$ cat work34.tsv   # TSV, N, CA and C atoms
chain	number	residue	atom	x	y	z
A	22	MET	N	249.53	177.45	178.13
A	22	MET	CA	249.77	178.85	177.83
A	22	MET	C	249.44	179.74	179.04
A	23	ALA	N	248.24	179.58	179.60
A	23	ALA	CA	247.85	180.39	180.75
A	23	ALA	C	248.73	180.10	181.96
A	24	ALA	N	249.10	178.84	182.12
A	24	ALA	CA	249.94	178.46	183.25
A	24	ALA	C	251.31	179.13	183.16
A	25	SER	N	251.85	179.26	181.95
A	25	SER	CA	253.15	179.89	181.80
A	25	SER	C	253.06	181.40	182.10
A	26	LYS	N	251.94	182.03	181.75
A	26	LYS	CA	251.76	183.46	182.06
A	26	LYS	C	251.61	183.67	183.56
A	27	ILE	N	250.90	182.79	184.21
A	27	ILE	CA	250.76	182.88	185.66
A	27	ILE	C	252.10	182.66	186.34
A	28	GLN	N	252.85	181.68	185.86
A	28	GLN	CA	254.17	181.42	186.43
A	28	GLN	C	255.11	182.59	186.18
A	29	ALA	N	255.05	183.21	185.00
A	29	ALA	CA	255.88	184.37	184.70
A	29	ALA	C	255.52	185.53	185.62
A	30	PHE	N	254.22	185.75	185.85
A	30	PHE	CA	253.77	186.80	186.77
A	30	PHE	C	254.25	186.51	188.19
A	31	TRP	N	254.09	185.26	188.62
A	31	TRP	CA	254.47	184.86	189.97
A	31	TRP	C	255.96	185.06	190.23
A	32	ASN	N	256.78	184.78	189.23
A	32	ASN	CA	258.23	184.85	189.38
A	32	ASN	C	258.83	186.18	188.93
A	33	HIS	N	258.01	187.11	188.52
A	33	HIS	CA	258.50	188.43	188.07
A	33	HIS	C	259.18	189.15	189.24
A	34	PRO	N	260.23	189.93	188.98
A	34	PRO	CA	260.92	190.67	190.05
A	34	PRO	C	260.01	191.64	190.82
A	35	ALA	N	258.91	192.04	190.21
A	35	ALA	CA	257.94	192.90	190.91
A	35	ALA	C	256.63	192.13	191.11
A	36	GLY	N	256.72	190.81	191.19
A	36	GLY	CA	255.54	189.96	191.35
A	36	GLY	C	255.10	189.80	192.79
A	37	PRO	N	254.07	189.00	193.01
A	37	PRO	CA	253.46	188.88	194.34
A	37	PRO	C	254.35	188.26	195.42
A	38	LYS	N	255.50	187.78	195.08
A	38	LYS	CA	256.42	187.26	196.10
A	38	LYS	C	257.33	188.36	196.65
A	39	THR	N	257.12	189.60	196.22
A	39	THR	CA	258.00	190.69	196.62
A	39	THR	C	257.21	191.87	197.20
A	40	ILE	N	257.90	192.71	197.94
A	40	ILE	CA	257.30	193.94	198.46
A	40	ILE	C	256.98	194.91	197.33
A	41	HIS	N	257.66	194.75	196.20
A	41	HIS	CA	257.44	195.63	195.05
A	41	HIS	C	256.04	195.44	194.46
A	42	PHE	N	255.42	194.35	194.79
A	42	PHE	CA	254.02	194.13	194.39
A	42	PHE	C	253.06	194.61	195.47
A	43	TRP	N	253.32	194.24	196.71
A	43	TRP	CA	252.37	194.48	197.78
A	43	TRP	C	252.28	195.94	198.23
A	44	ALA	N	253.38	196.66	198.24
A	44	ALA	CA	253.33	198.07	198.65
A	44	ALA	C	252.41	198.89	197.75
A	45	PRO	N	252.57	198.84	196.42
A	45	PRO	CA	251.64	199.61	195.59
A	45	PRO	C	250.21	199.07	195.64
A	46	THR	N	250.07	197.76	195.83
A	46	THR	CA	248.72	197.18	195.89
A	46	THR	C	247.96	197.77	197.09
A	47	PHE	N	248.62	197.85	198.24
A	47	PHE	CA	247.95	198.43	199.40
A	47	PHE	C	247.81	199.95	199.29
A	48	LYS	N	248.67	200.57	198.51
A	48	LYS	CA	248.60	202.02	198.30
A	48	LYS	C	247.32	202.41	197.55
A	49	TRP	N	246.72	201.46	196.84
A	49	TRP	CA	245.45	201.73	196.16
A	49	TRP	C	244.39	202.18	197.16
A	50	GLY	N	244.54	201.78	198.42
A	50	GLY	CA	243.57	202.21	199.44
A	50	GLY	C	243.50	203.72	199.57
A	51	ILE	N	244.62	204.40	199.41
A	51	ILE	CA	244.63	205.87	199.49
A	51	ILE	C	243.82	206.46	198.34
A	52	SER	N	244.02	205.93	197.13
A	52	SER	CA	243.26	206.44	195.98
A	52	SER	C	241.78	206.13	196.11
A	53	ILE	N	241.47	204.95	196.60
A	53	ILE	CA	240.06	204.58	196.79
A	53	ILE	C	239.41	205.49	197.82
A	54	ALA	N	240.12	205.78	198.91
A	54	ALA	CA	239.59	206.71	199.92
A	54	ALA	C	239.39	208.10	199.34
A	55	ASN	N	240.30	208.53	198.49
A	55	ASN	CA	240.17	209.85	197.87
A	55	ASN	C	238.97	209.89	196.93
A	56	VAL	N	238.72	208.81	196.20
A	56	VAL	CA	237.53	208.73	195.35
A	56	VAL	C	236.27	208.76	196.21
A	57	ALA	N	236.29	208.07	197.33
A	57	ALA	CA	235.13	208.09	198.24
A	57	ALA	C	234.86	209.51	198.74
A	58	ASP	N	235.92	210.32	198.85
A	58	ASP	CA	235.76	211.70	199.30
A	58	ASP	C	235.22	212.64	198.23
A	59	PHE	N	234.98	212.13	197.01
A	59	PHE	CA	234.40	212.97	195.96
A	59	PHE	C	233.03	213.47	196.37
A	60	THR	N	232.35	212.75	197.25
A	60	THR	CA	231.02	213.17	197.70
A	60	THR	C	231.09	214.11	198.89
A	61	LYS	N	232.26	214.26	199.47
A	61	LYS	CA	232.45	215.14	200.63
A	61	LYS	C	232.38	216.60	200.16
A	62	PRO	N	231.76	217.47	200.95
A	62	PRO	CA	231.74	218.90	200.57
A	62	PRO	C	233.18	219.44	200.47
A	63	PRO	N	233.45	220.27	199.46
A	63	PRO	CA	234.81	220.77	199.26
A	63	PRO	C	235.40	221.49	200.47
A	64	GLU	N	234.57	222.15	201.25
A	64	GLU	CA	235.09	222.89	202.41
A	64	GLU	C	235.64	221.95	203.49
A	65	LYS	N	235.30	220.67	203.42
A	65	LYS	CA	235.82	219.71	204.39
A	65	LYS	C	237.12	219.04	203.93
A	66	LEU	N	237.56	219.36	202.71
A	66	LEU	CA	238.80	218.80	202.20
A	66	LEU	C	239.98	219.58	202.76
A	67	SER	N	241.11	218.92	202.87
A	67	SER	CA	242.31	219.52	203.44
A	67	SER	C	243.32	219.83	202.33
A	68	TYR	N	243.74	221.10	202.26
A	68	TYR	CA	244.78	221.46	201.29
A	68	TYR	C	246.06	220.66	201.51
A	69	PRO	N	246.61	220.63	202.73
A	69	PRO	CA	247.87	219.89	202.91
A	69	PRO	C	247.76	218.41	202.51
A	70	GLN	N	246.65	217.79	202.86
A	70	GLN	CA	246.48	216.38	202.53
A	70	GLN	C	246.43	216.18	201.02
A	71	GLN	N	245.65	217.00	200.32
A	71	GLN	CA	245.50	216.82	198.88
A	71	GLN	C	246.77	217.21	198.12
A	72	ILE	N	247.50	218.19	198.63
A	72	ILE	CA	248.78	218.54	198.01
A	72	ILE	C	249.76	217.38	198.18
A	73	ALA	N	249.76	216.77	199.37
A	73	ALA	CA	250.64	215.61	199.62
A	73	ALA	C	250.28	214.44	198.71
A	74	VAL	N	249.00	214.16	198.57
A	74	VAL	CA	248.56	213.06	197.71
A	74	VAL	C	248.97	213.33	196.26
A	75	THR	N	248.75	214.57	195.81
A	75	THR	CA	249.08	214.93	194.43
A	75	THR	C	250.57	214.81	194.15
A	76	PHE	N	251.39	215.42	195.00
A	76	PHE	CA	252.83	215.40	194.75
A	76	PHE	C	253.44	214.02	194.96
A	77	THR	N	252.91	213.25	195.90
A	77	THR	CA	253.36	211.87	196.04
A	77	THR	C	253.09	211.11	194.75
A	78	GLY	N	251.90	211.29	194.22
A	78	GLY	CA	251.55	210.63	192.96
A	78	GLY	C	252.45	211.04	191.82
A	79	LEU	N	252.71	212.34	191.69
A	79	LEU	CA	253.55	212.82	190.59
A	79	LEU	C	255.00	212.34	190.71
A	80	ILE	N	255.56	212.46	191.90
A	80	ILE	CA	256.96	212.06	192.10
A	80	ILE	C	257.15	210.57	191.88
A	81	TRP	N	256.29	209.75	192.49
A	81	TRP	CA	256.46	208.30	192.39
A	81	TRP	C	256.05	207.76	191.02
A	82	THR	N	255.21	208.48	190.29
A	82	THR	CA	254.92	208.08	188.91
A	82	THR	C	256.20	208.16	188.09
A	83	ARG	N	256.90	209.26	188.24
A	83	ARG	CA	258.18	209.41	187.52
A	83	ARG	C	259.18	208.34	187.96
A	84	TYR	N	259.30	208.14	189.25
A	84	TYR	CA	260.25	207.16	189.78
A	84	TYR	C	259.95	205.76	189.23
A	85	SER	N	258.67	205.41	189.13
A	85	SER	CA	258.32	204.05	188.70
A	85	SER	C	258.70	203.79	187.25
A	86	THR	N	258.95	204.84	186.48
A	86	THR	CA	259.35	204.64	185.08
A	86	THR	C	260.86	204.50	184.90
A	87	VAL	N	261.63	204.84	185.92
A	87	VAL	CA	263.09	204.78	185.77
A	87	VAL	C	263.74	203.66	186.57
A	88	ILE	N	262.99	202.99	187.41
A	88	ILE	CA	263.56	201.90	188.21
A	88	ILE	C	263.57	200.60	187.41
A	89	THR	N	264.39	199.68	187.87
A	89	THR	CA	264.42	198.33	187.29
A	89	THR	C	264.13	197.36	188.42
A	90	PRO	N	263.19	196.48	188.27
A	90	PRO	CA	262.35	196.24	187.10
A	90	PRO	C	261.22	197.27	187.02
A	91	LYS	N	260.69	197.43	185.82
A	91	LYS	CA	259.55	198.32	185.65
A	91	LYS	C	258.40	197.80	186.53
A	92	ASN	N	257.77	198.72	187.24
A	92	ASN	CA	256.70	198.33	188.13
A	92	ASN	C	255.44	199.09	187.72
A	93	TRP	N	254.65	198.45	186.88
A	93	TRP	CA	253.46	199.13	186.33
A	93	TRP	C	252.36	199.26	187.37
A	94	ASN	N	252.35	198.42	188.37
A	94	ASN	CA	251.41	198.57	189.48
A	94	ASN	C	251.72	199.87	190.23
A	95	LEU	N	252.98	200.12	190.50
A	95	LEU	CA	253.41	201.35	191.16
A	95	LEU	C	253.08	202.57	190.30
A	96	PHE	N	253.32	202.45	189.00
A	96	PHE	CA	253.02	203.54	188.07
A	96	PHE	C	251.53	203.87	188.09
A	97	SER	N	250.68	202.85	187.94
A	97	SER	CA	249.24	203.11	187.83
A	97	SER	C	248.63	203.64	189.12
A	98	VAL	N	249.07	203.14	190.27
A	98	VAL	CA	248.51	203.65	191.53
A	98	VAL	C	248.90	205.11	191.73
A	99	ASN	N	250.08	205.49	191.31
A	99	ASN	CA	250.51	206.87	191.49
A	99	ASN	C	249.87	207.82	190.48
A	100	VAL	N	249.57	207.34	189.29
A	100	VAL	CA	248.79	208.15	188.35
A	100	VAL	C	247.41	208.40	188.96
A	101	ALA	N	246.82	207.37	189.55
A	101	ALA	CA	245.51	207.53	190.19
A	101	ALA	C	245.59	208.50	191.37
A	102	MET	N	246.66	208.40	192.17
A	102	MET	CA	246.81	209.32	193.31
A	102	MET	C	246.93	210.76	192.83
A	103	ALA	N	247.77	211.00	191.83
A	103	ALA	CA	247.95	212.36	191.31
A	103	ALA	C	246.63	212.88	190.74
A	104	GLY	N	245.93	212.03	190.01
A	104	GLY	CA	244.67	212.45	189.40
A	104	GLY	C	243.59	212.79	190.42
A	105	THR	N	243.43	211.93	191.42
A	105	THR	CA	242.40	212.21	192.42
A	105	THR	C	242.78	213.41	193.28
A	106	GLY	N	244.07	213.56	193.57
A	106	GLY	CA	244.52	214.72	194.35
A	106	GLY	C	244.29	216.02	193.59
A	107	LEU	N	244.62	216.03	192.30
A	107	LEU	CA	244.39	217.23	191.49
A	107	LEU	C	242.91	217.57	191.41
A	108	TYR	N	242.08	216.54	191.24
A	108	TYR	CA	240.64	216.77	191.17
A	108	TYR	C	240.11	217.37	192.48
A	109	GLN	N	240.56	216.83	193.60
A	109	GLN	CA	240.12	217.35	194.90
A	109	GLN	C	240.59	218.79	195.10
A	110	LEU	N	241.83	219.09	194.70
A	110	LEU	CA	242.32	220.48	194.80
A	110	LEU	C	241.51	221.40	193.91
A	111	TYR	N	241.17	220.94	192.71
A	111	TYR	CA	240.33	221.72	191.80
A	111	TYR	C	238.97	222.01	192.43
A	112	ARG	N	238.38	221.00	193.04
A	112	ARG	CA	237.08	221.19	193.70
A	112	ARG	C	237.17	222.22	194.81
A	113	LYS	N	238.22	222.13	195.62
A	113	LYS	CA	238.38	223.03	196.76
A	113	LYS	C	238.62	224.47	196.29
A	114	VAL	N	239.51	224.65	195.34
A	114	VAL	CA	239.81	225.99	194.85
A	114	VAL	C	238.60	226.57	194.12
A	115	SER	N	237.89	225.76	193.34
A	115	SER	CA	236.71	226.24	192.63
A	115	SER	C	235.63	226.69	193.60
A	116	GLN	N	235.41	225.91	194.64
A	116	GLN	CA	234.39	226.26	195.62
A	116	GLN	C	234.73	227.56	196.31
A	117	LYS	N	236.00	227.74	196.67
A	117	LYS	CA	236.42	228.97	197.35
A	117	LYS	C	236.37	230.16	196.40
A	118	SER	N	236.79	229.99	195.16
A	118	SER	CA	236.81	231.13	194.24
A	118	SER	C	235.40	231.56	193.86
A	119	ILE	N	234.48	230.63	193.79
A	119	ILE	CA	233.09	230.99	193.52
A	119	ILE	C	232.50	231.74	194.71
A	120	ALA	N	232.81	231.27	195.90
A	120	ALA	CA	232.27	231.90	197.11
A	120	ALA	C	232.85	233.29	197.36
A	121	TRP	N	234.13	233.48	197.06
A	121	TRP	CA	234.79	234.73	197.42
A	121	TRP	C	235.18	235.61	196.24
A	122	GLY	N	235.06	235.11	195.04
A	122	GLY	CA	235.50	235.88	193.89
A	122	GLY	C	237.02	235.78	193.75
A	123	LEU	N	237.58	236.55	192.86
A	123	LEU	CA	239.01	236.45	192.58
A	123	LEU	C	239.88	236.86	193.76
A	124	THR	N	239.44	237.79	194.58
A	124	THR	CA	240.25	238.19	195.73
A	124	THR	C	240.32	237.07	196.76
A	125	GLY	N	239.34	236.21	196.77
A	125	GLY	CA	239.34	235.09	197.70
A	125	GLY	C	240.42	234.07	197.38
A	126	MET	N	240.84	234.00	196.11
A	126	MET	CA	241.90	233.06	195.73
A	126	MET	C	243.15	233.33	196.54
A	127	PHE	N	243.47	234.60	196.72
A	127	PHE	CA	244.65	234.95	197.50
A	127	PHE	C	244.50	234.46	198.93
A	128	GLN	N	243.31	234.66	199.51
A	128	GLN	CA	243.07	234.24	200.87
A	128	GLN	C	243.10	232.72	201.00
A	129	VAL	N	242.56	232.01	200.02
A	129	VAL	CA	242.53	230.55	200.05
A	129	VAL	C	243.94	229.99	200.08
A	130	LEU	N	244.78	230.53	199.23
A	130	LEU	CA	246.14	230.00	199.11
A	130	LEU	C	246.99	230.35	200.33
A	131	HIS	N	246.61	231.34	201.09
A	131	HIS	CA	247.38	231.75	202.25
A	131	HIS	C	246.70	231.40	203.57
A	132	SER	N	245.70	230.52	203.53
A	132	SER	CA	245.03	230.11	204.77
A	132	SER	C	245.47	228.76	205.21
$ encode --input "work34.tsv" --output "C-alpha cells"
Amino acid sequence: MAASKIQAFWNHPAGPKTIHFWAPTFKWGISIANVADFTKPPEKLSYPQQIAVTFTGLIWTRYSTVITPKNWNLFSVNVAMAGTGLYQLYRKVSQKSIAWGLTGMFQVLHS
C-alpha cells in the first residue's frame, strides 16, 4: 500500500521528477526568509520587497488552481508568501501610523 502511494507520488506529473515539484519547493526559501524577518524592526522592512512578495503569492496562488496538473505544492508556497508579505506590510504600516498618526499614513504610502 505505502509503496504504491510512493510510486504514485514519484510518477505524478507534478512529482519530484519534474520542475513543477522543485521550483515551488525551493520557493519555500523566500517564505522562510520572510518568517525569519518577523524579528526585524519594521522600519528595516522594504515596501517594494513586501509588495512584490505579497502580489507574487496572490497571483501564483490563483494560477496554481487553474493549471493542469493541480500543483498543491505551488499553491501552498504561494499562500505562505502572500500571508507573510501581508503580515510584514501590516507591521510596517502599523509602526509608521503609530509613530506619525493618521497624517503619516499619507507620507508612508508616498515615500
$ residues_around --input "work34.tsv" --residues "A:Ala101" --least-positions-apart "4" --cutoff "7 Å" --atoms "only N, CA and C atoms" --output "list in words"
Ser52, Gly78, Phe96, Ser97, Thr105 and Gly106 of chain A
$ select_by_dssp --input "work34.tsv" --residues "chain A" --states "helix (DSSP H, G or I)" --output "count of residues only"
91
$ closest_residue --input "work34.tsv" --among "A:Arg112, A:His33, A:Lys38, A:Lys48" --to "A:Thr89" --atoms "only C-alpha atoms"
A:His33
$ closest_residue --input "work34.tsv" --among "A:Lys91, A:Gly104, A:Pro63, A:Pro69" --to "A:Gln116" --atoms "all atoms listed in the file"
A:Pro63
$ atom_distance --input "work34.tsv" --atom1 "atom N of A:Pro45" --atom2 "atom C of A:Ser25"
22.6 Å
$ closest_residue --input "work34.tsv" --among "A:Val100, A:Leu95, A:Ile27, A:Val56" --to "A:His41" --atoms "all atoms listed in the file"
A:Leu95
$ closest_residue --input "work34.tsv" --among "A:Ile51, A:Ala23, A:Leu66, A:Ile40" --to "A:Met102" --atoms "only N, CA and C atoms"
A:Ile51
$ atom_distance --input "work34.tsv" --atom1 "atom CA of A:Trp93" --atom2 "atom CA of A:Tyr68"
28.2 Å
$ atom_distance --input "work34.tsv" --atom1 "atom N of A:Gln70" --atom2 "atom C of A:Thr39"
28.6 Å
$ closest_residue --input "work34.tsv" --among "A:Asn55, A:Val87, A:Asn92, A:Trp81" --to "A:Ser67" --atoms "only C-alpha atoms"
A:Asn55
$ decode --input "work34.tsv" --residues "stretch 33-61 of chain A" --atoms "C-alpha atoms" --output "PDB file, in the first residue's frame"
ATOM      1  CA  HIS A  33       2.829  12.282 -10.667  1.00  0.00           C
ATOM      2  CA  PRO A  34       3.004  15.000 -13.386  1.00  0.00           C
ATOM      3  CA  ALA A  35       3.990  17.479 -10.654  1.00  0.00           C
ATOM      4  CA  GLY A  36       6.172  14.960  -8.801  1.00  0.00           C
ATOM      5  CA  PRO A  37       9.868  15.063  -7.904  1.00  0.00           C
ATOM      6  CA  LYS A  38      10.979  14.074 -11.406  1.00  0.00           C
ATOM      7  CA  THR A  39       9.742  17.425 -12.755  1.00  0.00           C
ATOM      8  CA  ILE A  40      10.482  21.130 -12.396  1.00  0.00           C
ATOM      9  CA  HIS A  41       6.861  21.507 -11.273  1.00  0.00           C
ATOM     10  CA  PHE A  42       7.930  19.980  -7.977  1.00  0.00           C
ATOM     11  CA  TRP A  43      11.349  21.553  -7.480  1.00  0.00           C
ATOM     12  CA  ALA A  44      10.565  25.188  -8.346  1.00  0.00           C
ATOM     13  CA  PRO A  45       7.913  25.598  -5.624  1.00  0.00           C
ATOM     14  CA  THR A  46       9.980  23.529  -3.196  1.00  0.00           C
ATOM     15  CA  PHE A  47      12.898  25.947  -3.482  1.00  0.00           C
ATOM     16  CA  LYS A  48      10.490  28.900  -3.419  1.00  0.00           C
ATOM     17  CA  TRP A  49       9.758  27.979   0.214  1.00  0.00           C
ATOM     18  CA  GLY A  50      13.101  29.633   0.968  1.00  0.00           C
ATOM     19  CA  ILE A  51      11.543  33.046   0.288  1.00  0.00           C
ATOM     20  CA  SER A  52       8.721  32.387   2.754  1.00  0.00           C
ATOM     21  CA  ILE A  53      11.133  31.034   5.348  1.00  0.00           C
ATOM     22  CA  ALA A  54      13.319  34.137   4.968  1.00  0.00           C
ATOM     23  CA  ASN A  55      10.251  36.340   5.363  1.00  0.00           C
ATOM     24  CA  VAL A  56       9.295  34.486   8.567  1.00  0.00           C
ATOM     25  CA  ALA A  57      12.856  34.979   9.842  1.00  0.00           C
ATOM     26  CA  ASP A  58      12.351  38.716   9.228  1.00  0.00           C
ATOM     27  CA  PHE A  59       9.434  38.768  11.697  1.00  0.00           C
ATOM     28  CA  THR A  60      12.021  39.668  14.343  1.00  0.00           C
ATOM     29  CA  LYS A  61      13.443  42.501  12.222  1.00  0.00           C
TER      30      LYS A  61
END
